[in-house]
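Asks: Contents of query_4.cif (mmCIF, C-alpha atoms) are below:
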```cif
data_start
#
loop_
_atom_site.label_atom_id
_atom_site.label_comp_id
_atom_site.auth_asym_id
_atom_site.auth_seq_id
_atom_site.Cartn_x
_atom_site.Cartn_y
_atom_site.Cartn_z
CA MET I 1 169.20 26.67 237.14
CA GLU I 2 171.00 25.62 240.33
CA GLU I 3 170.67 21.96 239.34
CA VAL I 4 172.28 22.67 235.97
CA THR I 5 175.11 24.59 237.65
CA SER I 6 175.73 21.85 240.16
CA GLY I 7 175.70 19.27 237.37
CA PHE I 8 178.38 21.18 235.47
CA GLU I 9 180.45 21.53 238.63
CA ASP I 10 180.25 17.76 239.27
CA LEU I 11 181.26 17.03 235.68
CA ASN I 12 184.13 19.50 235.94
CA ASP I 13 185.39 17.88 239.17
CA LYS I 14 185.25 14.39 237.66
CA VAL I 15 187.18 15.50 234.55
CA VAL I 16 189.80 17.30 236.60
CA VAL I 17 190.20 14.27 238.90
CA LYS I 18 190.61 12.04 235.85
CA PHE I 19 193.30 14.29 234.37
CA THR I 20 195.05 14.40 237.77
CA ASP I 21 195.09 10.61 237.90
CA TRP I 22 196.73 10.60 234.48
CA ALA I 23 199.38 12.97 235.81
CA ASP I 24 200.05 10.61 238.74
CA MET I 25 200.31 7.71 236.31
CA VAL I 26 202.96 9.57 234.32
CA GLY I 27 205.00 10.00 237.47
CA GLY I 28 203.38 12.84 239.36
CA GLY I 29 205.20 15.95 240.39
CA ASP I 30 205.52 19.15 238.44
CA ILE I 31 207.03 17.45 235.40
CA GLY I 32 204.29 14.84 235.15
CA ARG I 33 201.56 17.42 235.56
CA ALA I 34 203.22 19.69 232.97
CA ILE I 35 203.40 16.81 230.47
CA VAL I 36 199.73 15.95 231.01
CA ALA I 37 198.77 19.65 230.79
CA ILE I 38 200.60 20.00 227.45
CA VAL I 39 199.00 16.80 226.14
CA ILE I 40 195.54 18.06 227.19
CA LEU I 41 196.11 21.41 225.49
CA LEU I 42 197.36 19.73 222.29
CA PHE I 43 194.38 17.37 222.39
CA PHE I 44 191.88 20.23 222.57
CA ILE I 45 193.74 22.16 219.85
CA THR I 46 193.51 19.06 217.66
CA ILE I 47 189.83 18.31 218.24
CA ARG I 48 188.78 21.93 217.69
CA LYS I 49 189.13 21.42 213.94
CA PHE I 50 187.20 18.17 214.14
CA LEU I 51 184.37 19.76 216.14
CA ALA I 52 184.24 22.98 214.12
CA HIS I 53 184.73 21.58 210.62
CA GLY I 54 183.70 17.99 211.10
CA VAL I 55 180.63 18.11 213.32
CA VAL I 56 179.43 21.68 212.83
CA GLY I 57 180.55 21.72 209.18
CA GLY I 58 178.73 18.45 208.53
CA ILE I 59 175.50 19.76 210.01
CA ARG I 60 175.92 22.95 207.93
CA ARG I 61 176.36 20.96 204.73
CA LEU I 62 173.30 18.90 205.64
CA ALA I 63 171.33 22.12 206.13
CA ASP I 64 172.54 23.33 202.73
CA GLN I 65 171.32 20.15 201.08
CA HIS I 66 167.87 20.59 202.62
CA LYS I 67 167.89 24.28 201.64
CA HIS I 68 167.87 25.57 205.22
CA GLN I 69 169.91 28.62 204.29
CA THR I 70 169.49 30.46 207.59
CA MET I 71 170.60 27.47 209.69
CA ALA I 72 173.58 26.88 207.40
CA MET I 73 174.70 30.50 207.73
CA ILE I 74 174.29 30.39 211.54
CA LEU I 75 176.45 27.27 211.79
CA ASN I 76 179.02 28.84 209.48
CA ALA I 77 179.15 31.93 211.72
CA LEU I 78 179.60 29.76 214.84
CA GLN I 79 182.54 27.72 213.53
CA THR I 80 185.33 30.13 214.51
CA PRO I 81 183.93 30.99 217.99
CA ILE I 82 183.57 27.25 218.67
CA GLU I 83 187.23 26.72 217.77
CA VAL I 84 188.28 29.49 220.18
CA PHE I 85 186.01 28.16 222.93
CA VAL I 86 187.48 24.64 222.62
CA VAL I 87 191.01 26.03 222.93
CA LEU I 88 189.99 28.03 226.02
CA LEU I 89 188.51 24.85 227.48
CA GLY I 90 191.82 23.09 226.89
CA ILE I 91 193.70 25.91 228.63
CA TYR I 92 191.29 25.70 231.56
CA PHE I 93 191.81 21.95 232.12
CA SER I 94 195.55 22.35 231.62
CA VAL I 95 195.67 24.96 234.37
CA GLU I 96 193.49 22.78 236.61
CA VAL I 97 195.98 19.91 236.28
CA MET I 98 198.95 22.13 237.14
CA GLU I 99 199.48 22.96 240.81
CA PHE I 100 199.78 26.73 240.84
CA SER I 101 199.31 28.91 243.86
CA ASP I 102 195.82 30.10 244.68
CA LYS I 103 196.71 33.65 243.63
CA THR I 104 198.10 32.50 240.27
CA ASP I 105 195.10 30.23 239.66
CA ALA I 106 192.73 33.11 240.42
CA ALA I 107 194.55 35.47 238.03
CA ILE I 108 194.60 32.89 235.20
CA PHE I 109 190.94 31.97 235.65
CA ASN I 110 189.95 35.65 235.71
CA VAL I 111 191.66 36.14 232.36
CA LEU I 112 190.08 32.97 230.99
CA ARG I 113 186.65 34.10 232.18
CA VAL I 114 187.08 37.38 230.31
CA PHE I 115 187.98 35.51 227.13
CA VAL I 116 185.04 33.12 227.55
CA ILE I 117 182.60 36.01 228.02
CA ALA I 118 184.08 37.80 225.00
CA THR I 119 183.88 34.61 222.90
CA ILE I 120 180.22 34.06 223.80
CA PHE I 121 179.25 37.60 222.85
CA TRP I 122 181.44 37.35 219.74
CA ALA I 123 179.41 34.33 218.69
CA PHE I 124 176.19 36.30 219.22
CA TYR I 125 177.68 39.17 217.21
CA ARG I 126 178.45 36.87 214.27
CA VAL I 127 175.05 35.16 214.42
CA VAL I 128 173.14 38.44 214.13
CA GLU I 129 173.63 38.73 210.37
CA PRO I 130 172.31 35.26 209.39
CA LEU I 131 169.45 35.66 211.86
CA ALA I 132 168.56 38.91 210.11
CA LEU I 133 167.55 36.90 207.04
CA GLY I 134 164.33 36.15 208.87
CA PHE I 135 163.88 39.91 209.11
CA ASN I 136 163.41 40.05 205.34
CA THR I 137 159.84 38.78 205.71
CA PHE I 138 158.96 41.82 207.79
CA ALA I 139 161.12 44.20 205.75
CA GLY I 140 159.48 42.99 202.53
CA ARG I 141 156.34 44.84 203.53
CA PHE I 142 158.21 48.07 202.84
CA GLY I 143 159.11 46.90 199.34
CA ALA I 144 161.84 44.70 197.94
CA GLY I 145 164.17 47.64 197.44
CA LEU I 146 164.09 48.70 201.09
CA ALA I 147 164.35 45.18 202.52
CA ASP I 148 168.14 45.08 202.33
CA ASP I 149 168.54 48.57 203.81
CA LEU I 150 166.20 47.72 206.68
CA ARG I 151 168.04 44.46 207.30
CA GLN I 152 171.38 46.30 207.50
CA PHE I 153 169.78 48.82 209.86
CA PHE I 154 168.50 45.98 212.06
CA ILE I 155 171.94 44.28 212.06
CA ARG I 156 173.71 47.47 213.15
CA CYS I 157 171.21 48.07 215.97
CA VAL I 158 171.39 44.50 217.33
CA ARG I 159 175.16 44.33 217.04
CA THR I 160 175.45 47.61 218.93
CA LEU I 161 173.24 46.13 221.66
CA VAL I 162 175.41 42.99 221.80
CA VAL I 163 178.57 45.09 222.20
CA VAL I 164 176.97 47.14 224.98
CA LEU I 165 175.81 43.99 226.81
CA ALA I 166 179.28 42.48 226.44
CA GLY I 167 180.80 45.60 227.98
CA VAL I 168 178.32 45.49 230.87
CA ALA I 169 179.03 41.77 231.45
CA LEU I 170 182.78 42.35 231.51
CA LEU I 171 182.46 45.29 233.88
CA GLU I 172 180.28 43.22 236.21
CA ASP I 173 182.80 40.39 236.06
CA TRP I 174 185.55 42.82 237.09
CA GLY I 175 183.52 43.82 240.11
CA ILE I 176 182.37 47.22 238.80
CA ASP I 177 178.83 48.08 239.89
CA VAL I 178 177.28 48.99 236.54
CA SER I 179 173.83 49.63 237.99
CA ALA I 180 175.24 52.29 240.32
CA PHE I 181 177.15 53.77 237.40
CA LEU I 182 174.02 53.91 235.26
CA GLY I 183 172.10 55.42 238.17
CA GLY I 184 174.73 58.13 238.41
CA LEU I 185 174.29 58.85 234.75
CA GLY I 186 170.65 59.63 235.46
CA LEU I 187 171.76 62.81 237.22
CA ALA I 188 173.31 64.02 234.00
CA GLY I 189 170.56 62.57 231.82
CA MET I 190 169.13 65.90 230.81
CA ALA I 191 172.50 67.25 229.75
CA VAL I 192 173.20 64.10 227.76
CA ALA I 193 169.76 64.25 226.15
CA LEU I 194 170.32 67.86 225.10
CA ALA I 195 173.74 67.02 223.71
CA ALA I 196 172.43 63.98 221.84
CA LYS I 197 169.21 65.52 220.52
CA ASP I 198 170.67 65.88 217.03
CA SER I 199 171.77 62.25 217.00
CA VAL I 200 168.34 61.12 218.18
CA ALA I 201 166.71 63.28 215.50
CA ASN I 202 168.93 61.65 212.87
CA VAL I 203 167.97 58.17 214.08
CA PHE I 204 164.28 59.00 213.84
CA GLY I 205 164.97 60.59 210.47
CA GLY I 206 166.41 57.26 209.29
CA LEU I 207 163.34 55.44 210.57
CA THR I 208 161.16 57.94 208.71
CA ILE I 209 163.09 57.26 205.49
CA PHE I 210 162.39 53.54 205.87
CA ALA I 211 158.77 53.91 206.99
CA ASP I 212 157.76 56.42 204.29
CA LYS I 213 159.88 54.71 201.61
CA LEU I 214 161.42 58.01 200.59
CA PHE I 215 164.27 56.32 198.73
CA LYS I 216 166.49 53.25 198.79
CA ARG I 217 170.00 52.38 197.83
CA GLY I 218 170.59 52.95 194.12
CA ASP I 219 167.89 55.64 193.74
CA TRP I 220 168.60 58.92 191.99
CA ILE I 221 167.42 61.70 194.32
CA GLU I 222 167.56 65.49 194.33
CA THR I 223 167.34 67.82 197.32
CA PRO I 224 168.04 71.56 197.69
CA HIS I 225 171.53 70.57 198.88
CA PHE I 226 172.67 67.88 196.42
CA GLU I 227 171.73 65.51 193.62
CA GLY I 228 173.04 62.02 193.04
CA VAL I 229 172.64 58.28 193.61
CA VAL I 230 172.05 56.88 197.10
CA GLU I 231 174.84 54.51 198.15
CA PHE I 232 174.09 53.96 201.83
CA VAL I 233 171.27 54.72 204.28
CA GLY I 234 172.77 54.66 207.76
CA LEU I 235 171.60 55.03 211.32
CA ARG I 236 172.75 58.64 211.45
CA ALA I 237 173.30 59.81 207.88
CA THR I 238 172.77 58.97 204.23
CA LYS I 239 175.63 58.77 201.73
CA VAL I 240 174.96 59.99 198.20
CA ARG I 241 177.34 59.83 195.24
CA THR I 242 176.89 62.97 193.14
CA PHE I 243 177.19 62.93 189.36
CA SER I 244 180.61 64.55 189.71
CA LYS I 245 181.58 61.37 191.63
CA ALA I 246 181.93 63.22 194.94
CA MET I 247 180.54 61.66 198.13
CA VAL I 248 177.98 63.67 200.11
CA VAL I 249 177.16 62.60 203.68
CA MET I 250 173.92 64.21 204.83
CA PRO I 251 172.30 63.83 208.28
CA ASN I 252 168.98 62.02 208.01
CA ALA I 253 167.12 64.71 209.96
CA GLU I 254 168.07 67.39 207.40
CA ILE I 255 167.05 65.16 204.49
CA VAL I 256 163.65 64.41 206.02
CA ASP I 257 163.03 68.11 206.74
CA SER I 258 163.74 69.15 203.13
CA PRO I 259 161.89 68.35 199.90
CA VAL I 260 163.25 65.23 198.20
CA ILE I 261 162.72 64.45 194.52
CA ASN I 262 163.12 60.75 193.77
CA TRP I 263 163.79 60.65 190.04
CA SER I 264 164.03 56.84 190.12
CA ARG I 265 160.29 56.70 190.83
CA MET I 266 159.46 58.12 187.39
CA THR I 267 156.94 56.04 185.48
CA HIS I 268 158.03 57.62 182.17
CA ARG I 269 160.70 60.07 181.09
CA ARG I 270 159.77 63.36 179.44
CA ILE I 271 161.06 64.89 176.22
CA LYS I 272 160.51 68.58 175.53
CA MET I 273 161.81 70.40 172.48
CA VAL I 274 160.98 73.32 170.21
CA ILE I 275 161.49 73.17 166.42
CA GLY I 276 161.75 76.51 164.65
CA VAL I 277 160.99 76.70 160.90
CA GLU I 278 161.55 79.67 158.64
CA TYR I 279 158.84 82.30 158.16
CA ARG I 280 158.82 81.62 154.45
CA THR I 281 157.44 78.13 155.17
CA SER I 282 153.89 77.93 153.84
CA ALA I 283 150.87 77.09 155.98
CA ASP I 284 150.35 73.85 154.04
CA GLN I 285 153.94 72.79 154.71
CA ILE I 286 153.54 73.52 158.43
CA GLU I 287 150.32 71.50 158.61
CA ASN I 288 151.99 68.56 156.85
CA ILE I 289 155.00 68.76 159.17
CA ILE I 290 152.82 68.75 162.31
CA GLU I 291 150.74 65.86 160.99
CA ARG I 292 153.82 63.79 160.17
CA LEU I 293 155.41 64.52 163.56
CA ARG I 294 152.25 63.34 165.32
CA ASP I 295 152.11 60.18 163.20
CA PHE I 296 155.77 59.47 163.92
CA LEU I 297 155.27 59.70 167.69
CA GLN I 298 152.13 57.56 167.60
CA GLN I 299 153.91 54.85 165.62
CA ASP I 300 157.08 54.78 167.74
CA GLU I 301 157.20 51.88 170.22
CA ASP I 302 159.57 53.78 172.53
CA VAL I 303 157.05 56.60 173.03
CA ALA I 304 154.45 56.21 175.79
CA GLN I 305 150.92 56.22 174.34
CA GLU I 306 148.82 55.96 177.51
CA ASP I 307 148.49 57.72 180.87
CA VAL I 308 150.69 60.61 179.72
CA PRO I 309 150.14 63.54 177.33
CA GLN I 310 151.51 63.54 173.80
CA MET I 311 151.34 66.95 172.16
CA VAL I 312 152.64 68.52 168.95
CA HIS I 313 151.38 72.08 168.35
CA LEU I 314 152.41 75.42 166.96
CA ALA I 315 153.68 77.33 169.97
CA ASP I 316 154.20 80.94 168.88
CA PHE I 317 155.71 83.31 166.37
CA GLY I 318 159.32 83.67 167.45
CA SER I 319 161.70 86.51 166.67
CA SER I 320 163.11 84.65 163.67
CA SER I 321 161.03 81.44 163.38
CA ILE I 322 157.62 79.83 163.65
CA ASN I 323 157.98 77.51 166.63
CA ILE I 324 156.56 73.98 166.86
CA ASP I 325 156.40 72.66 170.43
CA LEU I 326 156.79 68.90 171.11
CA TYR I 327 155.90 67.42 174.50
CA TYR I 328 155.81 63.65 175.05
CA PHE I 329 157.18 60.82 177.21
CA THR I 330 159.24 57.70 176.63
CA ASN I 331 158.44 54.27 178.02
CA THR I 332 161.90 53.85 179.47
CA THR I 333 163.23 55.82 182.43
CA ASP I 334 166.84 54.75 181.86
CA TRP I 335 168.92 57.81 181.14
CA GLN I 336 171.17 56.15 178.55
CA GLU I 337 168.24 54.69 176.61
CA TRP I 338 166.37 57.99 176.87
CA ARG I 339 169.32 59.84 175.29
CA ASP I 340 169.49 57.28 172.47
CA ILE I 341 165.76 57.73 171.78
CA ARG I 342 166.05 61.52 171.82
CA ASN I 343 169.03 61.33 169.45
CA ARG I 344 167.07 59.14 167.02
CA HIS I 345 164.03 61.42 167.17
CA ILE I 346 166.00 64.58 166.40
CA ILE I 347 167.38 62.97 163.24
CA ALA I 348 163.89 61.78 162.25
CA PHE I 349 162.36 65.25 162.84
CA LYS I 350 165.02 66.89 160.68
CA ARG I 351 164.37 64.40 157.89
CA ILE I 352 160.60 65.11 158.03
CA ILE I 353 161.14 68.85 157.69
CA GLU I 354 163.61 68.42 154.84
CA GLU I 355 161.24 66.06 152.99
CA GLU I 356 158.50 68.69 153.23
CA GLY I 357 160.76 71.24 151.55
CA ALA I 358 161.09 73.43 154.65
CA SER I 359 164.17 74.54 156.55
CA PHE I 360 165.14 75.22 160.12
CA ALA I 361 165.30 78.87 161.07
CA PHE I 362 168.35 80.44 162.66
CA PRO I 363 168.58 83.72 164.59
CA SER I 364 168.78 86.70 162.22
CA GLN I 365 168.23 90.47 162.18
CA SER I 366 166.95 92.74 159.39
CA LEU I 367 168.20 96.36 159.13
CA TYR I 368 166.01 98.88 157.30
CA VAL I 369 167.55 102.23 156.11
CA GLU I 370 165.00 104.98 155.53
CA SER I 371 167.33 107.29 153.39
CA MET I 372 170.93 107.56 152.19
CA PRO I 373 173.06 110.82 152.49
CA ASP I 374 173.82 112.89 149.28
CA MET I 375 177.11 111.63 147.78
CA LYS I 376 178.16 115.07 146.38
CA MET I 377 177.75 116.80 149.70
CA SER I 378 179.74 114.05 151.36
CA ARG I 379 182.67 114.45 148.93
CA ALA I 380 182.73 118.28 149.35
CA SER I 381 182.79 117.90 153.09
CA ALA I 382 185.66 115.41 152.85
CA ASN I 383 187.73 117.79 150.60
CA GLN I 384 187.20 120.70 153.01
CA ASP I 385 188.45 118.55 155.90
CA ASP I 386 191.62 117.70 153.95
CA GLN I 387 192.35 121.37 153.21
CA ASN I 388 191.95 122.34 156.84
CA LYS I 389 194.32 119.58 157.86
CA HIS I 390 197.10 120.71 155.44
CA GLN I 391 196.77 124.35 156.53
CA ASN I 392 197.19 123.41 160.18
CA GLN I 393 200.38 121.48 159.34
CA ARG I 394 201.96 124.52 157.53
CA GLN I 395 201.24 126.80 160.46
CA GLN I 396 202.95 124.43 162.92
CA THR I 397 206.19 123.97 160.85
CA PRO I 398 207.84 127.47 161.46
CA GLU I 399 207.28 127.18 165.16
CA LYS I 400 209.16 123.89 165.27
CA MET I 401 212.09 125.40 163.26
CA GLY I 402 212.35 128.41 165.58
#
```
Go through the file and emit its structure as C-alpha cells.
Replies:
Amino acid sequence: MEEVTSGFEDLNDKVVVKFTDWADMVGGGDIGRAIVAIVILLFFITIRKFLAHGVVGGIRRLADQHKHQTMAMILNALQTPIEVFVVLLGIYFSVEVMEFSDKTDAAIFNVLRVFVIATIFWAFYRVVEPLALGFNTFAGRFGAGLADDLRQFFIRCVRTLVVVLAGVALLEDWGIDVSAFLGGLGLAGMAVALAAKDSVANVFGGLTIFADKLFKRGDWIETPHFEGVVEFVGLRATKVRTFSKAMVVMPNAEIVDSPVINWSRMTHRRIKMVIGVEYRTSADQIENIIERLRDFLQQDEDVAQEDVPQMVHLADFGSSSINIDLYYFTNTTDWQEWRDIRNRHIIAFKRIIEEEGASFAFPSQSLYVESMPDMKMSRASANQDDQNKHQNQRQQTPEKMG
C-alpha cells in the first residue's frame, strides 16, 4: 500500500512540475500561472466528456452488445461521478500551479478532499442498484414475485450503509474522533435500544414478510385493520391501497402479529347463491331444474371441475320459497372475469327455470281470518254513536251563547 501511495505522490510531483514549467514558459509570475491554471481547468472540463461518454460510454455499449447487462448498468451509473472527479482533478492541478499561501492552499485542499470523498461514496451509492441485479439469483428462491421487493430492500440497506460510511469518513477527515464518539454512545446504548425497539421489531417484521412469503407487491390482502392491494413493502412499514383508493401505512410488526388473508393466492374463486322457487312448483319440475343446473355447471368451461366441490342441492323450505343452494368455483381468480361469469350464470339459471315452467318466489305473507263481525250489529252500533254525538253538541250550544 505504501508503494502505491509513494508512486502516486511521485506521479503527482512530476505532473505539477510539468505544469509549473509551462507557466514559466508563458512568462512566469502570477499572470502566467493564472493563464496555465485556467487552461488546465478548461482542459480537464473538456476531456471529462470524452472520458465519461467516449471511453466509459464505449465500454458500456460494448457490454450491451455482448449482453452484459449488469456491467453496462454499472458503467452507466459511474459516468456522472467520473465527470465530477475529472473536474475536481483539474481544480486540484490548477491550484497546485498557482502560488497561494500555505493557509489558503490547505483550506482549498481540505474542501477538495471533502468533495473527492463525497464523489467516491456517491459513485458507490449509484453502483448499488445495478449490482443488486446479481441479488435476483438469491431472491428468486423466494419466488419471482418477491424478488423485486427483496432487491429493493437490499438496495435500501446497502445505500444506508454507504451513507453512514461516507459520514464517518468525512468526520474522520475533519479530525473528529468517531471511534470515541461511538464509544460514548455505548453508555446510552440501553436507552437507545429501548427507544428503537419498535423500529427493530418492524425491520424484523419486514424480514419475516420476505422469508415467509406472506405477500408481495400487487397482492390483494385482508387484515383485521384494512383490506386492499399492496403497493410497497418497506424496511419499516407496508403501504396498502384500499379499495376506496386511500393509502394505509401499517408497521410491519403489527402486520406480522395479526392474521393476514392473501386473496391473491386463491387457486379458484367461489360462487355461492340460493335460488328460491315457488311452493306451487311440482316435485318433477324441481328435479328437472336441479338436473339441468348440474349439467350446465359440468359443461361450462369457466367452472372448475377438479380439486374443488361442485354442489347443487335443495337446501330447505323457506318462509316463502323452496330453496336450491348452488356452491361451485370458477377457474379464474380475476375479479372482473369472475363477475362476468356470475352475471352470465344468473341469466342462464333464470332461463332454465322459466323453460321448466316454474317461477321465482318472492317474499309474501298470508292472512287467515277465522270469523267476520255481524254487519247488522255493526250498523246499529254506528247509529247509536252518531246520536250520542249530536246530543252532546246540543247540550254545549246554550253554554256558549250564555
Asks: What's the separation between atom CA of Leu88 of chain I and atom CA of Asp102 of chain I, in Å to one decimal place?
Replies: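 It comes out at 19.7 Å.
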Asks: List, as JSON, numbers by chain, every residue that the PyMOL selection byres ((chain I and resi 234) around 9) selects in the file provided.
Replies: {"I": [149, 152, 153, 203, 206, 232, 233, 235, 236, 237, 238, 239, 252]}
Asks: Which residues, written as a compact mmCIF listing (two decimals) with C-alpha atoms, keeping the file's coordinate frame, have at least one atom at most 12 Å from Ser359 of chain I, with all atoms listed in the file counted and residues fewer than 6 positions away on the same chain left out?
Replies:
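around_10.txt written:
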```
# COMPACT_ATOMS: atom_id res chain seq x y z
CA ILE I 275 161.49 73.17 166.42
CA GLY I 276 161.75 76.51 164.65
CA VAL I 277 160.99 76.70 160.90
CA GLU I 278 161.55 79.67 158.64
CA TYR I 279 158.84 82.30 158.16
CA ARG I 280 158.82 81.62 154.45
CA THR I 281 157.44 78.13 155.17
CA SER I 282 153.89 77.93 153.84
CA GLN I 285 153.94 72.79 154.71
CA ILE I 286 153.54 73.52 158.43
CA ILE I 289 155.00 68.76 159.17
CA SER I 321 161.03 81.44 163.38
CA ILE I 322 157.62 79.83 163.65
CA PHE I 349 162.36 65.25 162.84
CA LYS I 350 165.02 66.89 160.68
CA ARG I 351 164.37 64.40 157.89
CA ILE I 352 160.60 65.11 158.03
CA ILE I 353 161.14 68.85 157.69
```
Asks: So, counting all atoms listed in the file, which residue among I:Leu170, I:Val229, I:Ala315, I:Ile261 is closest to Leu214 of chain I?
Replies: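 Closest to Leu214 of chain I of all the choices is I:Ile261.
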Asks: Could you check how far atom CA of Asp295 of chain I sits from atom CA of Trp335 of chain I, in Å to one decimal?
Replies: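 Here the two named atoms are 24.7 Å from each other.
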Asks: Residues near Leu42 of chain I, anyone? I mean within 12 Å using only C-alpha atoms, not counting same-chain ones fewer than 6 positions away, as a PyMOL selection string.
Replies: chain I and resi 35-36+48-49+86-91+93-94
Asks: Just C-alpha atoms for this one: save the residues we selected as a PDB file, keeping the file's coordinate frame.
Replies:
```pdb
ATOM      1  CA  ILE I  35     203.400  16.810 230.470  1.00  0.00           C
ATOM      2  CA  VAL I  36     199.730  15.950 231.010  1.00  0.00           C
ATOM      3  CA  ARG I  48     188.780  21.930 217.690  1.00  0.00           C
ATOM      4  CA  LYS I  49     189.130  21.420 213.940  1.00  0.00           C
ATOM      5  CA  VAL I  86     187.480  24.640 222.620  1.00  0.00           C
ATOM      6  CA  VAL I  87     191.010  26.030 222.930  1.00  0.00           C
ATOM      7  CA  LEU I  88     189.990  28.030 226.020  1.00  0.00           C
ATOM      8  CA  LEU I  89     188.510  24.850 227.480  1.00  0.00           C
ATOM      9  CA  GLY I  90     191.820  23.090 226.890  1.00  0.00           C
ATOM     10  CA  ILE I  91     193.700  25.910 228.630  1.00  0.00           C
ATOM     11  CA  PHE I  93     191.810  21.950 232.120  1.00  0.00           C
ATOM     12  CA  SER I  94     195.550  22.350 231.620  1.00  0.00           C
TER      13      SER I  94
END
```
Asks: Looking at I:Val369, I:Ala169, I:Met98, I:Ala253, which one is nearest to Ala34 of chain I, with distances taken over all atoms listed in the file?
Replies: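 Going through I:Val369, I:Ala169, I:Met98, I:Ala253 one by one, the smallest distance to Ala34 of chain I is for I:Met98.
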Asks: Counting all atoms listed in the file, which of I:Ala132, I:Leu293, I:Ile341, I:Val163 gets nearest to Arg269 of chain I?
Replies: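 Of I:Ala132, I:Leu293, I:Ile341, I:Val163, the one nearest Arg269 of chain I is I:Ile341, counting all atoms listed in the file.
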Asks: For Pro251 of chain I, which of I:Thr223, I:Asn323, I:Thr208, I:Ser199 is the closest residue, counting only C-alpha atoms?
Replies: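 Among the listed residues, the smallest separation from Pro251 of chain I belongs to I:Ser199.
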Asks: What lies within 9 Å of Thr332 of chain I using all atoms listed in the file, ignoring chain neighbours under 2 positions off, as a JSON list (two decimals) with C-alpha atoms, in the coordinates of the input?
Replies:
```
[["chain", "number", "residue", "atom", "x", "y", "z"],
["I", 267, "THR", "CA", 156.94, 56.04, 185.48],
["I", 268, "HIS", "CA", 158.03, 57.62, 182.17],
["I", 269, "ARG", "CA", 160.70, 60.07, 181.09],
["I", 302, "ASP", "CA", 159.57, 53.78, 172.53],
["I", 303, "VAL", "CA", 157.05, 56.60, 173.03],
["I", 304, "ALA", "CA", 154.45, 56.21, 175.79],
["I", 329, "PHE", "CA", 157.18, 60.82, 177.21],
["I", 330, "THR", "CA", 159.24, 57.70, 176.63],
["I", 334, "ASP", "CA", 166.84, 54.75, 181.86],
["I", 335, "TRP", "CA", 168.92, 57.81, 181.14],
["I", 337, "GLU", "CA", 168.24, 54.69, 176.61],
["I", 338, "TRP", "CA", 166.37, 57.99, 176.87]]
```
Asks: To one decimal place in Å, what is the distance between atom CA of Asp300 of chain I and atom CA of Ala283 of chain I?
Replies: 26.0 Å
Asks: Nearest to Leu78 of chain I: which of I:Phe317, I:Phe296, I:Phe121, I:Tyr368 is it, counting all atoms listed in the file?
Replies: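 Answer, going by the shortest atom-to-atom distance: I:Phe121.
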Asks: When the PyMOL selection byres ((chain I and resi 309) around 10) is applied to the structure above, which residues does it catch, written out as a count of residues only?
Replies: 11
Asks: On this structure, which residues satisfy the PyMOL selection byres ((chain I and resi 312) around 6), written as a list in words?
Replies: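 Going through the file, the PyMOL selection byres ((chain I and resi 312) around 6) ends up selecting Met311, His313, Asp325 and Leu326 of chain I.
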Asks: Between I:Trp174, I:Phe154, I:Phe50, I:Trp263, which has the minimum distance to Gly218 of chain I (counting only C-alpha atoms)?
Replies: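 Among the listed residues, I:Trp263 lies closest to Gly218 of chain I.
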Asks: Using only C-alpha atoms, determine which residues lie at most 9 Å from Phe115 of chain I, disregarding the query and same-chain residues fewer than 5 positions distant; provide the list as a VMD selection string.
Replies: chain I and resid 85 88 110 120
Asks: Around all the atoms of segment 228-246 of chain I listed in the file, draw an axis-aligned box and extend it by 8 Å on each of the six sides; I want its centre and edge lengths in Å to one decimal, as JSON.
Replies:
```
{"center_x": 176.6, "center_y": 59.3, "center_z": 200.4, "size_x": 26.7, "size_y": 26.6, "size_z": 38.1}
```
